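S.K.: Compact mmCIF, C-alpha atoms and all ligand atoms, file start07.txt:
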# COMPACT_ATOMS: atom_id res chain seq x y z
CA MET V 465 84.59 122.45 89.96
CA MET V 466 86.65 119.64 88.41
CA PRO V 467 86.71 117.06 91.19
CA GLY V 468 89.92 115.57 92.58
CA LEU V 469 88.08 112.37 93.40
CA ALA V 470 84.86 110.84 92.05
CA ALA V 471 83.02 107.98 93.76
CA PHE V 472 80.50 106.06 91.68
CA ASP V 473 77.86 103.66 92.88
CA MET V 474 77.88 100.57 90.62
CA ASP V 475 74.40 99.05 90.20
CA GLY V 476 72.19 101.36 88.14
CA THR V 477 74.88 104.05 87.97
CA LEU V 478 77.88 102.56 86.12
CA ILE V 479 76.00 99.50 84.88
CA GLN V 480 72.46 99.19 83.52
CA GLY V 481 71.14 96.78 86.10
CA ARG V 482 71.79 95.21 89.48
CA LEU V 483 74.24 92.36 89.95
CA VAL V 484 72.24 90.68 92.69
CA PHE V 485 69.15 90.54 90.45
CA ALA V 486 71.14 89.30 87.44
CA LEU V 487 72.70 86.55 89.56
CA ALA V 488 69.44 85.63 91.30
CA ASP V 489 67.61 85.47 87.93
CA ARG V 490 70.05 82.89 86.63
CA PHE V 491 69.45 80.58 89.58
CA GLY V 492 65.74 81.07 90.26
CA LEU V 493 66.34 83.08 93.43
CA SER V 494 64.69 86.38 92.46
CA GLY V 495 61.60 85.81 94.59
CA ARG V 496 63.68 85.20 97.67
CA VAL V 497 65.83 88.29 97.05
CA THR V 498 62.71 90.44 96.73
CA GLU V 499 61.30 88.91 99.92
CA ILE V 500 64.46 89.86 101.86
CA GLN V 501 64.53 93.36 100.37
CA SER V 502 60.96 94.03 101.44
CA SER V 503 61.43 92.50 104.89
CA GLY V 504 62.20 95.76 106.67
CA MET V 505 65.43 94.29 108.10
CA PRO V 506 68.34 96.77 108.47
CA GLY V 507 70.39 96.95 105.26
CA HIS V 508 73.42 95.09 106.59
CA GLU V 509 71.25 92.17 107.71
CA GLN V 510 69.63 92.01 104.27
CA THR V 511 73.11 91.79 102.75
CA LYS V 512 73.90 88.76 104.95
CA ALA V 513 70.61 87.04 104.14
CA ILE V 514 71.04 87.61 100.38
CA ALA V 515 74.64 86.34 100.39
CA ALA V 516 73.44 83.15 102.12
CA LEU V 517 71.16 82.47 99.12
CA PHE V 518 74.20 82.25 96.87
CA GLU V 519 75.91 79.46 98.82
CA GLY V 520 77.33 76.85 96.44
CA LEU V 521 77.55 79.10 93.36
CA THR V 522 81.01 79.73 91.93
CA LYS V 523 83.11 82.82 91.41
CA LYS V 524 82.61 82.32 87.69
CA ASP V 525 78.82 82.43 88.14
CA VAL V 526 79.20 85.93 89.62
CA GLN V 527 81.66 87.00 86.91
CA ASP V 528 79.32 85.73 84.16
CA ALA V 529 76.43 87.63 85.73
CA ILE V 530 78.35 90.91 85.98
CA GLU V 531 79.64 90.58 82.42
CA SER V 532 76.06 90.14 81.18
CA ILE V 533 75.12 93.64 82.35
CA PRO V 534 76.01 96.46 79.94
CA LEU V 535 77.68 99.66 81.08
CA VAL V 536 75.54 102.80 81.18
CA LYS V 537 75.74 104.95 78.05
CA ASN V 538 78.96 106.99 77.76
CA CYS V 539 80.39 105.43 80.93
CA GLU V 540 83.87 105.03 79.42
CA GLN V 541 83.84 108.52 77.90
CA ALA V 542 82.84 110.18 81.19
CA ILE V 543 85.53 108.27 83.09
CA ALA V 544 88.13 109.23 80.45
CA LYS V 545 87.22 112.93 80.74
CA LEU V 546 87.52 112.86 84.51
CA LYS V 547 90.85 111.02 84.26
CA GLU V 548 92.23 113.57 81.79
CA ASN V 549 91.91 116.07 84.60
CA GLY V 550 93.76 113.91 87.11
CA CYS V 551 90.66 112.85 89.02
CA LYS V 552 90.94 109.70 91.18
CA ILE V 553 87.94 107.51 90.36
CA GLY V 554 86.43 104.53 92.10
CA ILE V 555 83.41 102.42 92.96
CA ILE V 556 81.69 102.42 96.34
CA SER V 557 79.08 99.69 96.13
CA ASP V 558 77.02 97.49 98.39
CA SER V 559 77.42 94.73 95.79
CA TYR V 560 80.38 92.29 95.88
CA THR V 561 84.11 92.92 95.34
CA VAL V 562 84.27 90.06 92.81
CA ALA V 563 81.82 92.03 90.62
CA ALA V 564 82.82 95.62 91.43
CA GLY V 565 86.49 94.68 91.01
CA SER V 566 85.86 93.35 87.53
CA VAL V 567 84.07 96.58 86.51
CA ALA V 568 86.90 98.61 88.08
CA ASP V 569 89.49 96.57 86.13
CA ARG V 570 87.59 97.06 82.89
CA LEU V 571 87.48 100.84 83.48
CA GLN V 572 90.95 100.98 85.09
CA LEU V 573 89.74 102.72 88.21
CA ASP V 574 91.73 103.70 91.31
CA PHE V 575 89.68 102.27 94.18
CA VAL V 576 86.87 99.88 95.12
CA ALA V 577 84.86 99.36 98.29
CA ALA V 578 82.27 96.56 98.36
CA ASN V 579 81.23 93.46 100.29
CA GLU V 580 83.53 90.45 100.19
CA LEU V 581 81.82 87.16 99.40
CA GLU V 582 83.70 84.34 101.11
CA ILE V 583 84.90 81.93 98.42
CA ILE V 584 86.55 78.66 99.42
CA GLY V 585 87.77 76.22 96.76
CA ASN V 586 86.03 78.36 94.13
CA LYS V 587 82.62 77.97 95.86
CA ILE V 588 80.68 80.76 97.50
CA THR V 589 80.13 79.76 101.12
CA GLY V 590 77.18 82.07 101.76
CA LYS V 591 79.18 84.17 104.23
CA VAL V 592 79.98 87.80 103.50
CA GLY V 593 82.51 90.24 104.93
CA MET V 594 80.94 93.68 105.22
CA PRO V 595 83.12 96.80 105.48
CA LEU V 596 80.33 98.78 107.28
CA GLY V 597 81.79 102.10 108.56
CA TRP V 598 78.58 103.78 109.81
CA GLU V 599 79.22 102.48 113.33
CA GLN V 600 82.50 104.45 113.35
CA ILE V 601 81.10 107.81 112.20
CA GLY V 602 77.54 107.62 113.50
CA CYS V 603 76.01 107.52 110.01
CA PHE V 604 72.27 106.90 109.77
CA CYS V 605 72.57 104.46 106.83
CA LYS V 606 73.31 101.19 108.68
CA ILE V 607 74.03 99.43 105.38
CA SER V 608 76.76 96.90 104.58
CA VAL V 609 79.02 99.52 102.99
CA CYS V 610 78.56 103.01 104.44
CA LYS V 611 79.26 105.10 101.39
CA ARG V 612 80.01 108.28 103.32
CA TYR V 613 82.60 106.50 105.46
CA HIS V 614 84.34 105.14 102.37
CA LEU V 615 84.15 108.44 100.48
CA GLU V 616 85.89 110.12 103.41
CA LYS V 617 88.41 107.28 103.66
CA PHE V 618 89.44 107.44 99.99
CA ALA V 619 89.46 111.27 99.93
CA HIS V 620 91.86 111.15 102.88
CA LYS V 621 93.97 108.43 101.26
CA PHE V 622 94.39 110.41 98.04
CA GLY V 623 94.79 113.76 99.81
CA VAL V 624 91.68 115.30 98.24
CA PRO V 625 89.65 117.75 100.37
CA ILE V 626 86.08 116.52 100.81
CA GLU V 627 84.78 119.75 99.16
CA ASN V 628 86.62 118.69 96.03
CA THR V 629 84.91 115.29 95.73
CA LEU V 630 82.05 114.15 93.56
CA ALA V 631 79.68 111.29 94.43
CA ILE V 632 76.98 109.80 92.28
CA GLY V 633 74.35 107.18 92.95
CA ASP V 634 70.79 106.15 92.17
CA THR V 635 69.15 104.86 95.39
CA LYS V 636 68.68 105.73 99.04
CA SER V 637 71.78 103.66 99.91
CA ASP V 638 73.81 106.44 98.24
CA ILE V 639 72.31 109.33 100.24
CA CYS V 640 75.01 109.55 102.91
CA MET V 641 77.83 109.92 100.36
CA VAL V 642 75.87 112.14 97.98
CA GLN V 643 75.16 114.55 100.85
CA ARG V 644 78.76 114.51 102.08
CA ALA V 645 80.53 115.04 98.74
CA GLY V 646 81.37 118.50 97.38
CA VAL V 647 79.13 117.67 94.43
CA GLY V 648 76.49 115.01 95.07
CA ILE V 649 74.48 113.75 92.14
CA ALA V 650 71.39 111.54 91.91
CA PHE V 651 71.60 109.60 88.64
CA MET V 652 68.32 108.24 87.22
CA PRO V 653 66.89 108.19 90.76
CA LYS V 654 65.13 104.91 91.63
CA ASP V 655 63.45 106.08 94.84
CA ALA V 656 62.01 109.31 96.22
CA GLU V 657 64.59 109.50 99.02
CA ILE V 658 67.66 109.89 96.78
CA ALA V 659 65.80 112.36 94.54
CA LYS V 660 65.12 114.49 97.63
CA ALA V 661 68.69 114.26 98.92
CA THR V 662 70.22 116.57 96.32
CA ASN V 663 69.19 119.24 93.82
CA LYS V 664 71.65 117.84 91.28
CA ILE V 665 69.69 115.21 89.41
CA ILE V 666 70.41 113.53 86.07
CA ARG V 667 67.31 112.07 84.44
CA ASP V 668 68.90 110.91 81.16
CA SER V 669 70.69 107.58 81.18
CA ASP V 670 73.91 109.20 79.96
CA LEU V 671 76.96 109.46 82.20
CA LEU V 672 78.49 112.31 80.18
CA LYS V 673 75.86 114.49 81.91
CA VAL V 674 77.99 114.15 85.04
CA LEU V 675 80.55 116.46 83.41
CA GLU V 676 77.96 119.27 83.42
CA PHE V 677 78.25 119.28 87.20
CA ALA V 678 82.03 118.90 87.17
CA ALA V 679 83.12 121.49 84.63
ZN ZN G 701 76.48 105.91 105.69
Just dump the structure as structure tokens.
M.R.:
Amino acid sequence: MMPGLAAFDMDGTLIQGRLVFALADRFGLSGRVTEIQSSGMPGHEQTKAIAALFEGLTKKDVQDAIESIPLVKNCEQAIAKLKENGCKIGIISDSYTVAAGSVADRLQLDFVAANELEIIGNKITGKVGMPLGWEQIGCFCKISVCKRYHLEKFAHKFGVPIENTLAIGDTKSDICMVQRAGVGIAFMPKDAEIAKATNKIIRDSDLLKVLEFAA
């Protein structure tokens, strides 16, 4: 099936790293990020706590961090192949719009959903606007950006039946969209949960492999 719409996770799927870690590394905040991520708090509360750590940094700090992370191998080629077939392509990420938007611009994608860092006078305030979505559809994920909700939203917007969508991600935060999409792929799975969520798994760090599931 050549998909009519493809939703990509960003961190670890389109890019070879995680924006939050790259940003935290630059400012000596990695320990505190790890602490929050192992706290057992619901995902959306972790997102708030992590955003608060970045108070006082600038938009440029985030842009420099995202630009320091290379794209995954054959990212541009895979996107080009999907585009050739008229596929709408976007990013659904629980990272930040300022980062996901810059990757989407670079790849000339059609849509982005991510968290919105509040930036006033070029400074990050530490507040974050979270799109959520799980509370509207009863999704189990309870993370800052329910990927299933946004997959359904963009499929509806572009008039693509959900059976004709493709979703790809690398962690448990992607499970709800990977299970909902017509073709759901785990890419270089980083946890056991996402690897168990689908039988379509790519274990080479090469995005052209996605086309094997979309031919
Ligand atoms: Zn969800």
S.K.: Considering all atoms listed in the file, state which residue in the set V:Glu509, V:Asp670, V:Glu540, V:Glu599 is at the smallest distance from ligand ZN 701 (chain G).
M.R.: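 Nearest candidate to ligand ZN 701 (chain G) out of V:Glu509, V:Asp670, V:Glu540, V:Glu599: V:Glu599.
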S.K.: Pick out the residues no farther than 8 Å from ligand ZN 701 (chain G), counting only C-alpha atoms and all ligand atoms, and list them as JSON, numbers by chain.
M.R.: {"V": [597, 598, 603, 604, 605, 606, 607, 609, 610, 611, 612, 613, 637, 638, 639, 640, 641]}
S.K.: Separation of atom CA of Asp525 of chain V and atom CA of Leu671 of chain V, in Å?
M.R.: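 Between atom CA of Asp525 of chain V and atom CA of Leu671 of chain V the gap works out to 27.7 Å.
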S.K.: Can you tell me which residues surround Ser557 of chain V at a distance of at most 8 Å, considering only C-alpha atoms, apart from same-chain residues fewer than 6 positions away, and format the answer as a ChimeraX atom specification?
M.R.: /V:472-475,564,576-579,609,611
S.K.: Point out the residue among V:Ala631, V:Leu581, V:Ala513, V:Ala568 with the least atom-to-atom distance to Val647 of chain V, counting all atoms listed in the file.
M.R.: V:Ala631
S.K.: Starting from the sparse input, extend segment 608-619 of chain V to all heavy atoms and give the output as a tab-separated table (two decimals), in the frame of the given file.
M.R.:
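part-v3.tsv, freshly written:
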chain	number	residue	atom	x	y	z
V	608	SER	N	75.56	97.74	104.56
V	608	SER	CA	76.76	96.90	104.58
V	608	SER	C	78.02	97.65	104.21
V	608	SER	O	79.12	97.31	104.66
V	608	SER	CB	76.56	95.71	103.65
V	608	SER	OG	76.21	96.16	102.35
V	609	VAL	N	77.89	98.67	103.38
V	609	VAL	CA	79.02	99.52	102.99
V	609	VAL	C	78.55	100.96	103.15
V	609	VAL	O	77.82	101.47	102.31
V	609	VAL	CB	79.45	99.28	101.52
V	609	VAL	CG1	80.62	100.17	101.13
V	609	VAL	CG2	79.80	97.81	101.29
V	610	CYS	N	78.96	101.60	104.26
V	610	CYS	CA	78.56	103.01	104.44
V	610	CYS	C	79.34	103.83	103.42
V	610	CYS	O	80.56	103.91	103.44
V	610	CYS	CB	78.85	103.49	105.86
V	610	CYS	SG	78.61	105.28	106.06
V	611	LYS	N	78.60	104.44	102.52
V	611	LYS	CA	79.26	105.10	101.39
V	611	LYS	C	79.94	106.40	101.81
V	611	LYS	O	80.97	106.77	101.26
V	611	LYS	CB	78.23	105.32	100.30
V	611	LYS	CG	77.62	103.97	99.89
V	611	LYS	CD	77.11	103.97	98.52
V	611	LYS	CE	76.59	102.58	98.15
V	611	LYS	NZ	76.41	102.45	96.71
V	612	ARG	N	79.37	107.06	102.81
V	612	ARG	CA	80.01	108.28	103.32
V	612	ARG	C	81.35	107.95	103.98
V	612	ARG	O	82.36	108.61	103.73
V	612	ARG	CB	79.08	108.95	104.35
V	612	ARG	CG	79.66	110.21	104.95
V	612	ARG	CD	78.78	110.75	106.07
V	612	ARG	NE	79.60	111.24	107.15
V	612	ARG	CZ	79.20	111.40	108.41
V	612	ARG	NH1	77.96	111.11	108.76
V	612	ARG	NH2	80.03	111.85	109.31
V	613	TYR	N	81.36	106.90	104.79
V	613	TYR	CA	82.60	106.50	105.46
V	613	TYR	C	83.69	106.22	104.42
V	613	TYR	O	84.84	106.66	104.56
V	613	TYR	CB	82.35	105.25	106.31
V	613	TYR	CG	83.61	104.68	106.92
V	613	TYR	CD1	84.13	105.21	108.10
V	613	TYR	CD2	84.29	103.63	106.30
V	613	TYR	CE1	85.30	104.70	108.64
V	613	TYR	CE2	85.46	103.12	106.83
V	613	TYR	CZ	85.96	103.66	108.01
V	613	TYR	OH	87.12	103.16	108.54
V	614	HIS	N	83.33	105.50	103.37
V	614	HIS	CA	84.34	105.14	102.37
V	614	HIS	C	84.74	106.32	101.47
V	614	HIS	O	85.89	106.42	101.08
V	614	HIS	CB	83.88	103.91	101.57
V	614	HIS	CG	83.94	102.67	102.42
V	614	HIS	ND1	82.89	102.28	103.23
V	614	HIS	CD2	84.95	101.81	102.66
V	614	HIS	CE1	83.26	101.20	103.90
V	614	HIS	NE2	84.50	100.89	103.58
V	615	LEU	N	83.80	107.21	101.21
V	615	LEU	CA	84.15	108.44	100.48
V	615	LEU	C	85.19	109.23	101.27
V	615	LEU	O	86.22	109.65	100.73
V	615	LEU	CB	82.89	109.31	100.27
V	615	LEU	CG	83.14	110.69	99.66
V	615	LEU	CD1	83.52	110.57	98.19
V	615	LEU	CD2	81.90	111.58	99.82
V	616	GLU	N	84.94	109.38	102.56
V	616	GLU	CA	85.89	110.12	103.41
V	616	GLU	C	87.23	109.41	103.47
V	616	GLU	O	88.29	110.03	103.42
V	616	GLU	CB	85.31	110.29	104.83
V	616	GLU	CG	84.13	111.27	104.87
V	616	GLU	CD	83.44	111.31	106.24
V	616	GLU	OE1	83.76	110.49	107.12
V	616	GLU	OE2	82.56	112.19	106.40
V	617	LYS	N	87.18	108.07	103.56
V	617	LYS	CA	88.41	107.28	103.66
V	617	LYS	C	89.28	107.45	102.39
V	617	LYS	O	90.49	107.70	102.48
V	617	LYS	CB	88.05	105.80	103.86
V	617	LYS	CG	89.24	104.91	104.16
V	617	LYS	CD	88.82	103.46	104.32
V	617	LYS	CE	89.20	102.70	103.04
V	617	LYS	NZ	88.98	101.25	103.16
V	618	PHE	N	88.65	107.34	101.22
V	618	PHE	CA	89.44	107.44	99.99
V	618	PHE	C	89.88	108.89	99.73
V	618	PHE	O	90.98	109.12	99.21
V	618	PHE	CB	88.67	106.88	98.79
V	618	PHE	CG	88.56	105.38	98.82
V	618	PHE	CD1	87.32	104.76	98.92
V	618	PHE	CD2	89.70	104.58	98.80
V	618	PHE	CE1	87.21	103.37	98.97
V	618	PHE	CE2	89.60	103.18	98.85
V	618	PHE	CZ	88.35	102.59	98.93
V	619	ALA	N	89.06	109.87	100.09
V	619	ALA	CA	89.46	111.27	99.93
V	619	ALA	C	90.71	111.53	100.77
V	619	ALA	O	91.68	112.14	100.31
V	619	ALA	CB	88.32	112.20	100.35
